[in-house]
Every structure is written in structure tokens, then in C-alpha cells.
file upload-v4.cif (mmCIF, C-alpha atoms and all ligand atoms)
data_coords
loop_
_atom_site.label_atom_id
_atom_site.label_comp_id
_atom_site.auth_asym_id
_atom_site.auth_seq_id
_atom_site.Cartn_x
_atom_site.Cartn_y
_atom_site.Cartn_z
CA MET G 1 28.08 21.36 -118.47
CA ALA G 2 25.40 22.45 -116.04
CA ASP G 3 22.44 20.07 -115.72
CA THR G 4 19.39 22.22 -116.48
CA ASN G 5 16.69 19.56 -116.35
CA PRO G 6 14.74 20.05 -113.09
CA MET G 7 13.02 16.68 -113.56
CA ARG G 8 16.20 14.58 -113.59
CA PRO G 9 16.95 12.81 -110.29
CA VAL G 10 20.38 13.38 -108.75
CA PRO G 11 21.99 11.12 -106.14
CA LEU G 12 21.25 12.18 -102.58
CA PHE G 13 24.11 12.57 -100.13
CA ALA G 14 25.59 10.78 -97.18
CA GLU G 15 27.12 12.94 -94.48
CA HIS G 16 24.24 15.38 -94.10
CA ALA G 17 21.75 12.51 -93.97
CA THR G 18 23.82 10.69 -91.31
CA ARG G 19 24.03 13.79 -89.12
CA LEU G 20 20.26 14.40 -89.28
CA ALA G 21 19.49 10.72 -88.68
CA ARG G 22 21.54 10.88 -85.46
CA HIS G 23 19.22 13.61 -84.18
CA SER G 24 16.21 11.35 -84.77
CA LEU G 25 17.40 9.13 -81.90
CA PRO G 26 16.13 8.12 -79.43
CA TYR G 27 12.68 7.80 -81.03
CA ARG G 28 9.65 8.18 -78.77
CA ASP G 29 6.11 7.55 -79.98
CA PRO G 30 4.34 10.95 -79.95
CA VAL G 31 0.97 9.32 -79.17
CA ALA G 32 2.49 8.08 -75.90
CA ARG G 33 4.19 11.42 -75.19
CA VAL G 34 1.15 13.72 -75.36
CA ASN G 35 -0.69 14.39 -72.11
CA TRP G 36 -4.16 13.81 -73.58
CA ASP G 37 -5.96 14.50 -70.28
CA ARG G 38 -5.37 18.22 -70.79
CA LEU G 39 -7.54 18.38 -73.93
CA SER G 40 -10.18 21.06 -73.26
CA HIS G 41 -13.16 22.12 -75.38
CA ALA G 42 -13.56 25.25 -73.26
CA MET G 43 -10.46 26.93 -74.73
CA PHE G 44 -9.26 28.13 -78.14
CA TRP G 45 -7.27 25.51 -80.08
CA LEU G 46 -5.58 28.16 -82.20
CA PRO G 47 -4.42 31.65 -81.22
CA GLU G 48 -7.45 33.69 -82.26
CA ALA G 49 -5.41 35.69 -84.80
CA ALA G 50 -4.80 32.37 -86.60
CA VAL G 51 -8.53 31.63 -87.07
CA SER G 52 -9.43 32.17 -90.74
CA LEU G 53 -12.11 34.77 -89.95
CA ALA G 54 -10.16 36.80 -87.38
CA GLY G 55 -10.83 40.46 -87.98
CA VAL G 56 -13.99 39.81 -90.02
CA ARG G 57 -16.78 41.94 -88.49
CA GLU G 58 -19.46 39.21 -88.63
CA TYR G 59 -17.09 36.74 -86.93
CA ASP G 60 -15.99 39.17 -84.22
CA ALA G 61 -19.68 39.61 -83.28
CA LEU G 62 -20.15 35.87 -82.61
CA PRO G 63 -20.32 34.57 -79.01
CA LEU G 64 -17.06 33.34 -77.44
CA ALA G 65 -18.17 29.67 -77.41
CA THR G 66 -18.89 29.78 -81.18
CA ARG G 67 -15.53 31.38 -81.96
CA GLN G 68 -13.77 28.79 -79.80
CA ARG G 69 -15.66 25.99 -81.56
CA LEU G 70 -14.58 27.31 -84.95
CA SER G 71 -10.95 27.23 -83.77
CA HIS G 72 -11.50 23.55 -82.82
CA TYR G 73 -12.77 22.72 -86.30
CA GLU G 74 -10.04 24.71 -88.01
CA PHE G 75 -7.32 23.00 -85.97
CA ALA G 76 -8.91 19.62 -86.79
CA HIS G 77 -8.99 20.58 -90.48
CA PHE G 78 -5.32 21.56 -90.26
CA LEU G 79 -4.50 18.09 -88.87
CA ASP G 80 -6.69 16.35 -91.43
CA THR G 81 -4.89 18.17 -94.25
CA GLY G 82 -1.59 17.13 -92.67
CA ILE G 83 -2.71 13.47 -92.72
CA TRP G 84 -3.46 13.73 -96.46
CA LEU G 85 -0.09 15.27 -97.26
CA GLU G 86 1.92 13.02 -94.95
CA GLY G 87 0.19 10.02 -96.52
CA LEU G 88 1.44 11.07 -99.97
CA PHE G 89 4.94 11.58 -98.69
CA LEU G 90 4.89 8.23 -96.87
CA GLU G 91 3.94 6.53 -100.16
CA ARG G 92 6.84 8.12 -102.02
CA LEU G 93 9.40 7.58 -99.27
CA ALA G 94 8.39 3.94 -98.85
CA ARG G 95 8.72 3.28 -102.57
CA SER G 96 11.96 5.20 -103.03
CA ALA G 97 14.07 4.46 -99.96
CA ARG G 98 15.39 1.26 -101.52
CA GLN G 99 16.90 3.19 -104.44
CA GLU G 100 19.04 5.39 -102.22
CA GLY G 101 22.52 4.93 -100.78
CA ARG G 102 22.75 3.52 -97.27
CA ALA G 103 22.92 6.87 -95.38
CA ALA G 104 20.01 8.46 -97.24
CA ARG G 105 18.01 5.25 -96.86
CA ILE G 106 18.53 5.23 -93.09
CA TYR G 107 17.59 8.91 -92.87
CA GLN G 108 14.48 8.36 -94.96
CA LEU G 109 13.39 5.43 -92.77
CA HIS G 110 13.66 7.77 -89.77
CA GLU G 111 11.52 10.29 -91.63
CA LEU G 112 8.98 7.58 -92.50
CA ARG G 113 8.74 6.59 -88.84
CA GLU G 114 8.38 10.20 -87.73
CA GLU G 115 5.71 11.05 -90.32
CA ALA G 116 3.77 7.90 -89.42
CA GLY G 117 4.03 9.01 -85.78
CA HIS G 118 2.63 12.45 -86.65
CA SER G 119 -0.34 11.02 -88.54
CA LEU G 120 -1.06 8.59 -85.67
CA MET G 121 -0.91 11.51 -83.24
CA PHE G 122 -3.29 13.57 -85.40
CA LEU G 123 -5.75 10.67 -85.69
CA GLU G 124 -5.64 10.11 -81.94
CA PHE G 125 -6.35 13.80 -81.42
CA LEU G 126 -9.30 13.78 -83.84
CA LYS G 127 -10.76 10.71 -82.15
CA ARG G 128 -10.43 12.15 -78.65
CA ALA G 129 -11.76 15.53 -79.83
CA ARG G 130 -14.75 13.72 -81.44
CA LEU G 131 -14.08 15.68 -84.64
CA GLU G 132 -13.59 12.95 -87.22
CA ALA G 133 -15.32 13.35 -90.62
CA GLN G 134 -17.47 16.31 -89.60
CA TRP G 135 -17.16 18.20 -92.90
CA ASP G 136 -16.49 17.45 -96.59
CA TYR G 137 -12.78 17.07 -97.01
CA GLU G 138 -11.62 18.70 -100.26
CA GLU G 139 -8.23 17.38 -101.25
CA ASP G 140 -6.18 19.32 -103.82
CA ARG G 141 -6.14 16.98 -106.82
CA VAL G 142 -3.25 18.71 -108.59
CA LEU G 143 -1.00 18.39 -105.53
CA THR G 144 -2.11 14.77 -105.08
CA VAL G 145 -1.24 13.85 -108.68
CA LEU G 146 2.08 15.71 -108.58
CA GLY G 147 2.92 14.15 -105.22
CA ARG G 148 2.42 10.70 -106.72
CA ARG G 149 3.98 11.26 -110.16
CA LEU G 150 6.94 13.65 -109.96
CA PRO G 151 10.25 11.79 -110.18
CA PHE G 152 11.66 11.24 -106.69
CA GLY G 153 14.86 13.26 -106.31
CA SER G 154 13.96 15.78 -109.05
CA THR G 155 14.32 19.47 -108.23
CA LEU G 156 10.61 20.07 -108.64
CA PHE G 157 9.72 17.14 -106.36
CA TRP G 158 11.96 18.42 -103.56
CA GLY G 159 10.82 22.00 -104.07
CA ALA G 160 7.23 20.80 -103.66
CA ILE G 161 8.21 18.68 -100.63
CA LEU G 162 9.86 21.66 -98.99
CA LEU G 163 6.73 23.78 -99.50
CA GLY G 164 4.50 20.96 -98.25
CA GLU G 165 6.53 20.83 -95.02
CA GLU G 166 7.08 24.58 -94.60
CA VAL G 167 3.48 25.76 -95.14
CA PRO G 168 1.95 23.81 -92.20
CA ASP G 169 5.12 24.20 -90.13
CA ARG G 170 4.81 27.99 -90.20
CA LEU G 171 1.39 27.69 -88.51
CA ASN G 172 2.79 25.23 -85.95
CA ARG G 173 5.50 27.74 -85.16
CA TYR G 174 2.96 30.55 -84.82
CA ILE G 175 1.00 28.41 -82.34
CA ARG G 176 4.21 27.68 -80.38
CA LEU G 177 5.00 31.39 -80.15
CA HIS G 178 1.46 32.43 -79.18
CA ALA G 179 0.60 29.53 -76.90
CA GLN G 180 -0.71 31.55 -73.96
CA GLY G 181 -4.34 30.71 -73.21
CA ILE G 182 -4.45 28.02 -75.93
CA CYS G 183 -5.42 24.42 -75.16
CA PRO G 184 -2.15 22.79 -73.98
CA VAL G 185 -2.69 19.64 -76.06
CA THR G 186 -2.87 21.54 -79.35
CA VAL G 187 0.30 23.39 -78.36
CA GLU G 188 1.98 20.08 -77.47
CA LEU G 189 1.08 18.64 -80.89
CA SER G 190 2.49 21.70 -82.63
CA VAL G 191 5.72 21.55 -80.60
CA LEU G 192 6.26 17.81 -81.19
CA HIS G 193 5.49 18.20 -84.88
CA SER G 194 7.67 21.24 -85.57
CA THR G 195 10.61 19.68 -83.68
CA ASP G 196 10.70 16.79 -86.18
CA GLU G 197 9.85 19.02 -89.12
CA ALA G 198 12.95 21.14 -88.43
CA ARG G 199 15.04 18.10 -89.49
CA HIS G 200 12.80 17.22 -92.42
CA ILE G 201 12.96 20.81 -93.68
CA ALA G 202 16.75 20.92 -93.21
CA TYR G 203 17.06 17.74 -95.28
CA GLY G 204 14.72 18.97 -98.01
CA ARG G 205 16.50 22.30 -98.19
CA GLU G 206 19.91 20.61 -98.51
CA VAL G 207 18.68 18.34 -101.31
CA LEU G 208 17.19 21.32 -103.11
CA LYS G 209 20.31 23.46 -102.59
CA ARG G 210 22.55 20.81 -104.12
CA ARG G 211 20.19 20.27 -107.01
CA LEU G 212 19.89 24.01 -107.68
CA GLY G 213 23.68 24.37 -107.70
CA ALA G 214 23.63 22.53 -111.04
CA THR G 215 20.72 24.57 -112.49
CA ASN G 216 20.95 27.67 -114.66
CA ALA G 217 19.13 30.96 -114.05
CA LEU G 218 16.40 30.31 -116.61
CA SER G 219 15.54 26.91 -115.08
CA ARG G 220 15.48 28.50 -111.64
CA ARG G 221 13.05 31.17 -112.85
CA LEU G 222 10.79 28.51 -114.37
CA LEU G 223 11.00 26.45 -111.21
CA ALA G 224 10.18 29.49 -109.04
CA HIS G 225 7.18 30.19 -111.25
CA THR G 226 5.86 26.62 -110.80
CA LEU G 227 6.57 26.63 -107.06
CA LYS G 228 4.67 29.90 -106.67
CA SER G 229 1.51 28.26 -107.99
CA LEU G 230 2.09 25.18 -105.79
CA LEU G 231 2.61 27.46 -102.80
CA ALA G 232 -0.81 29.05 -103.45
CA ARG G 233 -2.34 25.55 -103.49
CA PHE G 234 -0.67 24.51 -100.23
CA VAL G 235 -1.80 27.76 -98.62
CA ARG G 236 -5.39 27.21 -99.77
CA ALA G 237 -5.32 23.64 -98.47
CA PHE G 238 -4.01 24.52 -95.00
CA TYR G 239 -5.18 28.09 -94.33
CA TYR G 240 -8.58 28.35 -96.03
CA PRO G 241 -11.08 25.74 -94.78
CA PRO G 242 -13.96 24.53 -96.99
CA ALA G 243 -17.44 26.11 -96.69
CA SER G 244 -18.82 22.91 -95.12
CA LEU G 245 -16.49 23.34 -92.14
CA TYR G 246 -18.11 26.62 -91.11
CA ARG G 247 -21.52 24.93 -91.24
CA ALA G 248 -20.25 21.92 -89.26
CA ALA G 249 -18.79 24.28 -86.64
CA GLY G 250 -22.30 25.69 -86.11
CA LEU G 251 -21.83 29.19 -87.52
CA PRO G 252 -25.04 30.88 -88.66
CA GLU G 253 -25.80 30.65 -92.39
CA GLY G 254 -23.54 33.00 -94.38
CA PRO G 255 -20.74 33.19 -96.97
CA TRP G 256 -18.03 32.47 -94.39
CA ARG G 257 -15.53 30.94 -96.77
CA ALA G 258 -15.82 33.88 -99.15
CA ARG G 259 -15.41 36.25 -96.20
CA ALA G 260 -12.20 34.49 -95.16
CA ALA G 261 -10.93 34.51 -98.76
CA ALA G 262 -11.63 38.26 -99.07
CA SER G 263 -10.27 39.18 -95.63
CA ALA G 264 -7.27 41.52 -95.71
CA ASP G 265 -6.47 40.43 -92.13
CA ARG G 266 -6.28 36.81 -93.28
CA HIS G 267 -4.05 37.70 -96.23
CA ARG G 268 -1.74 39.61 -93.90
CA PHE G 269 -1.65 36.75 -91.40
CA VAL G 270 -0.77 34.16 -94.06
CA ALA G 271 1.86 36.44 -95.64
CA HIS G 272 3.37 37.00 -92.17
CA CYS G 273 3.54 33.23 -91.54
CA LEU G 274 5.03 32.46 -94.96
CA ALA G 275 7.53 35.33 -95.17
CA PRO G 276 10.47 33.28 -93.74
CA THR G 277 9.76 30.45 -96.20
CA VAL G 278 9.84 32.82 -99.18
CA THR G 279 13.01 34.49 -97.89
CA ARG G 280 14.79 31.14 -97.51
CA LEU G 281 13.78 29.97 -100.98
CA ARG G 282 15.00 33.23 -102.44
CA ALA G 283 18.31 32.72 -100.60
CA LEU G 284 18.62 29.40 -102.47
CA GLY G 285 18.42 31.34 -105.75
CA LEU G 286 14.70 30.88 -106.44
CA PRO G 287 13.13 34.25 -107.30
CA LEU G 288 9.86 33.43 -105.50
CA THR G 289 7.26 35.95 -104.32
CA PHE G 290 4.17 35.58 -102.13
CA PRO G 291 1.35 36.36 -102.56
FE FE G 301 4.86 15.57 -90.22
FE FE G 302 7.93 16.15 -92.33
#

call {"tool": "encode", "arguments": {"input": "upload-v4.cif", "output": "C-alpha cells", "more": "lines below"}}
Ligand SMILES: [Fe+2]
Ligand SMILES: [Fe+2]
result
Amino acid sequence: MADTNPMRPVPLFAEHATRLARHSLPYRDPVARVNWDRLSHAMFWLPEAAVSLAGVREYDALPLATRQRLSHYEFAHFLDTGIWLEGLFLERLARSARQEGRAARIYQLHELREEAGHSLMFLEFLKRARLEAQWDYEEDRVLTVLGRRLPFGSTLFWGAILLGEEVPDRLNRYIRLHAQGICPVTVELSVLHSTDEARHIAYGREVLKRRLGATNALSRRLLAHTLKSLLARFVRAFYYPPASLYRAAGLPEGPWRARAAASADRHRFVAHCLAPTVTRLRALGLPLTFP
């Protein structure tokens, strides 16, 4: 009989994990790979279309140096949010790897090493950019609690993991594709990160696919419904910076966060970034929509 409980862990798998683990070798520390000397404060750190206020009249009227500085803060916020999420995943992987079969355990240790490498690279960037703790960091408490409590290996856990990897990865990929004129160090970070994430996402998708194969249509609809609300939370965390960030970036007093939240250009940009994620989840049998 089909297993319809999305909370029940299922055993992970060997051959897929072994193949992905092979691609994690040889490992090179990303902190040592980045050419940090090319970090420049006189350039945009995000393609301007990826800045949260792009297209907002009051933002477009700001001087170039102010708009560039906002892109610095938004990229730093993007990294900071990544450190929060990777930290949660590191906790879960570290606690759970011992319960897995040998192949999955080896793969997960590779993923642990790679995620630790990303967070170290982000922290190094923030230190060199002199942008540590410049604004009030607002972590999403619901995602934090779920990240800590959901059973490892459950369908919902891996659905949430996949979203947590895809949502920032879509912005990294946008940066890769629109790298012209952008600070080369931010592009390098995005390239190094998304290269590893391709494996992490492939692994997460395979786990989810296998788990969904044993799930009936009603459970999939319920799961899609839950994932849709988690997706909105991940999007808010990564794509909509807190109000204090606009102040820290030196923008004149104004409702900048509300302007970003109300911006049709921003909605279109985020939907454009996330469209492939939604399509792939739908291909797995999850009737997900965004927004
Ligand atoms: Fe990562
Ligand atoms: Fe990852």
C-alpha cells in the first residue's frame, strides 16, 4: 500500500549519492580560490535589475554611488541570509549523517564540507567588504523552527531543503548570466556557490522524487500547499531586505521596504527567477504555483 505520510523518513539511496560524491572531488577551499584583490566598491555587486528597488521611481532618481552602495548591502544581506540557512542545514546534516547508509553518509559529509566552505567564503567576503552587522538581521522564525524540528528524511523536510537551496541559487544564476560590469568577486562567489549547489539540488530533488513516488495525490496537494507558504518565506528572506538595511545603506528617509514590497518590477523579477524552480517541482507531481 502506498505510504501517504509525508513526515515518515524513508531510507536514502546509494548509487545516486556515490555518483554525486565523486563530483565533489577534488575539494578546493573556496576562500583560497577567490581572487579577493578584485573586490571593488566602485562597481555594482548585483546586476541592477536584481536590486530590490529597481524600477521604483524614487530609487531610479538616486545618484549612481548610492544605487551601487545599496547593491553592496543587498548582496551582503543575501550572503548573511545564506549563512543563517546553511547553518541550519549543517546542524541537521551533522546530526543525521550517522544514521544513513555508507554511500549517503559519504555524500552528506561532502555536502557538509561544501556548505561550511560557502559560509566561510561569505564571512570572508563580509569582513573584506567591511559590511558585517550593519543592519538588524531578521531571521524567519518559522523556517528556523521547521529546519530544526522536521524529521530528517521526511518528504516535507526535503521539500523545504530543496526550496532553501533553489531560492538563493536562482539569484546566483541570474548574477552569473548578467555578470557584465558587476564586481568580479561577487560573480566569482556566485559561480563557486552555484557549481556546488547544482549537486546539492540534484541530490535533494532525487530524494524528494523517490519519496513522492510513494505518496498519493491528496498528500501531494497538501504538501504543495505547505511548500507554497514556505516558498513565500524563503523569497521574503532572500529577496526583500529589512527596512534597516536601506537606512544602513545611506538612502534618504523613506518607506523603501514598502516600496520594494509593492513594486511590480520586483514581483516580476522574483517570479522570473523562480519560474524554473516551480516548473521542476510541478514536474515531480507537486501542483505548486508562484506567486
Ligand atoms: Fe551553500
Ligand atoms: Fe547547498

call {"tool": "residues_near_ligand", "arguments": {"input": "upload-v4.cif", "ligand": "ligand FE 301 (chain G)", "cutoff": "8 Å", "atoms": "all atoms listed in the file", "output": "PDB file with C-alpha atoms, keeping the file's coordinate frame"}}
result
ATOM      1  CA  GLY G  82      -1.590  17.130 -92.670  1.00  0.00           C
ATOM      2  CA  GLU G  86       1.920  13.020 -94.950  1.00  0.00           C
ATOM      3  CA  GLU G 114       8.380  10.200 -87.730  1.00  0.00           C
ATOM      4  CA  GLU G 115       5.710  11.050 -90.320  1.00  0.00           C
ATOM      5  CA  ALA G 116       3.770   7.900 -89.420  1.00  0.00           C
ATOM      6  CA  GLY G 117       4.030   9.010 -85.780  1.00  0.00           C
ATOM      7  CA  HIS G 118       2.630  12.450 -86.650  1.00  0.00           C
ATOM      8  CA  SER G 119      -0.340  11.020 -88.540  1.00  0.00           C
ATOM      9  CA  GLU G 165       6.530  20.830 -95.020  1.00  0.00           C
ATOM     10  CA  HIS G 193       5.490  18.200 -84.880  1.00  0.00           C
ATOM     11  CA  SER G 194       7.670  21.240 -85.570  1.00  0.00           C
ATOM     12  CA  ASP G 196      10.700  16.790 -86.180  1.00  0.00           C
ATOM     13  CA  GLU G 197       9.850  19.020 -89.120  1.00  0.00           C
TER      14      GLU G 197
END

call {"tool": "residues_near_point", "arguments": {"input": "upload-v4.cif", "point": "(18.5, 32.3, -102.5)", "cutoff": "12 Å", "atoms": "all atoms listed in the file", "output": "list in words"}}
result
Arg205, Leu208, Lys209, Leu212, Gly213, Ala217, Arg220, Arg221, Ala224, Pro276, Thr277, Val278, Thr279, Arg280, Leu281, Arg282, Ala283, Leu284, Gly285, Leu286, Pro287, Leu288 and Thr289 of chain G

call {"tool": "atom_distance", "arguments": {"input": "upload-v4.cif", "atom1": "CA of Arg113 in chain G", "atom2": "CA of Phe234 in chain G"}}
result
23.2 Å

call {"tool": "atom_distance", "arguments": {"input": "upload-v4.cif", "atom1": "CA of Leu20 in chain G", "atom2": "CA of Ala32 in chain G"}}
result
23.1 Å

call {"tool": "atom_distance", "arguments": {"input": "upload-v4.cif", "atom1": "CA of Leu93 in chain G", "atom2": "CA of Phe152 in chain G"}}
result
8.6 Å

call {"tool": "closest_residue", "arguments": {"input": "upload-v4.cif", "among": "G:Cys183, G:Ala258, G:Val191, G:Ile161", "to": "Ala243 in chain G", "atoms": "all atoms listed in the file"}}
result
G:Ala258

call {"tool": "build_atoms", "arguments": {"input": "upload-v4.cif", "residues": "range 237-253 of chain G", "atoms": "N, CA and C atoms", "output": "mmCIF file, in the coordinates of the input"}}
result
data_model
loop_
_atom_site.group_PDB
_atom_site.id
_atom_site.type_symbol
_atom_site.label_atom_id
_atom_site.label_comp_id
_atom_site.auth_asym_id
_atom_site.auth_seq_id
_atom_site.Cartn_x
_atom_site.Cartn_y
_atom_site.Cartn_z
ATOM 1 N N ALA G 237 -4.995 24.908 -99.140
ATOM 2 C CA ALA G 237 -5.320 23.640 -98.470
ATOM 3 C C ALA G 237 -5.238 23.771 -96.944
ATOM 4 N N PHE G 238 -4.233 24.477 -96.453
ATOM 5 C CA PHE G 238 -4.010 24.520 -95.000
ATOM 6 C C PHE G 238 -4.662 25.715 -94.307
ATOM 7 N N TYR G 239 -4.791 26.853 -95.012
ATOM 8 C CA TYR G 239 -5.180 28.090 -94.330
ATOM 9 C C TYR G 239 -6.603 28.558 -94.651
ATOM 10 N N TYR G 240 -7.222 27.918 -95.658
ATOM 11 C CA TYR G 240 -8.580 28.350 -96.030
ATOM 12 C C TYR G 240 -9.518 27.149 -96.022
ATOM 13 N N PRO G 241 -10.218 26.918 -94.905
ATOM 14 C CA PRO G 241 -11.080 25.740 -94.780
ATOM 15 C C PRO G 241 -12.256 25.767 -95.764
ATOM 16 N N PRO G 242 -12.815 24.578 -96.069
ATOM 17 C CA PRO G 242 -13.960 24.530 -96.990
ATOM 18 C C PRO G 242 -15.221 25.107 -96.332
ATOM 19 N N ALA G 243 -16.201 25.497 -97.181
ATOM 20 C CA ALA G 243 -17.440 26.110 -96.690
ATOM 21 C C ALA G 243 -18.163 25.176 -95.711
ATOM 22 N N SER G 244 -18.078 23.855 -95.972
ATOM 23 C CA SER G 244 -18.820 22.910 -95.120
ATOM 24 C C SER G 244 -18.285 22.902 -93.686
ATOM 25 N N LEU G 245 -17.040 23.311 -93.500
ATOM 26 C CA LEU G 245 -16.490 23.340 -92.140
ATOM 27 C C LEU G 245 -17.170 24.403 -91.284
ATOM 28 N N TYR G 246 -17.465 25.555 -91.883
ATOM 29 C CA TYR G 246 -18.110 26.620 -91.110
ATOM 30 C C TYR G 246 -19.516 26.185 -90.682
ATOM 31 N N ARG G 247 -20.182 25.453 -91.597
ATOM 32 C CA ARG G 247 -21.520 24.930 -91.240
ATOM 33 C C ARG G 247 -21.386 23.912 -90.117
ATOM 34 N N ALA G 248 -20.421 22.975 -90.273
ATOM 35 C CA ALA G 248 -20.250 21.920 -89.260
ATOM 36 C C ALA G 248 -19.906 22.524 -87.897
ATOM 37 N N ALA G 249 -19.187 23.650 -87.908
ATOM 38 C CA ALA G 249 -18.790 24.280 -86.640
ATOM 39 C C ALA G 249 -19.959 25.048 -86.015
ATOM 40 N N GLY G 250 -21.101 25.097 -86.697
ATOM 41 C CA GLY G 250 -22.300 25.690 -86.110
ATOM 42 C C GLY G 250 -22.412 27.190 -86.304
ATOM 43 N N LEU G 251 -21.669 27.763 -87.260
ATOM 44 C CA LEU G 251 -21.830 29.190 -87.520
ATOM 45 C C LEU G 251 -23.163 29.438 -88.210
ATOM 46 N N PRO G 252 -23.771 30.593 -87.975
ATOM 47 C CA PRO G 252 -25.040 30.880 -88.660
ATOM 48 C C PRO G 252 -24.822 30.884 -90.169
ATOM 49 N N GLU G 253 -25.885 30.665 -90.917
ATOM 50 C CA GLU G 253 -25.800 30.650 -92.390
ATOM 51 C C GLU G 253 -25.124 31.929 -92.894
#
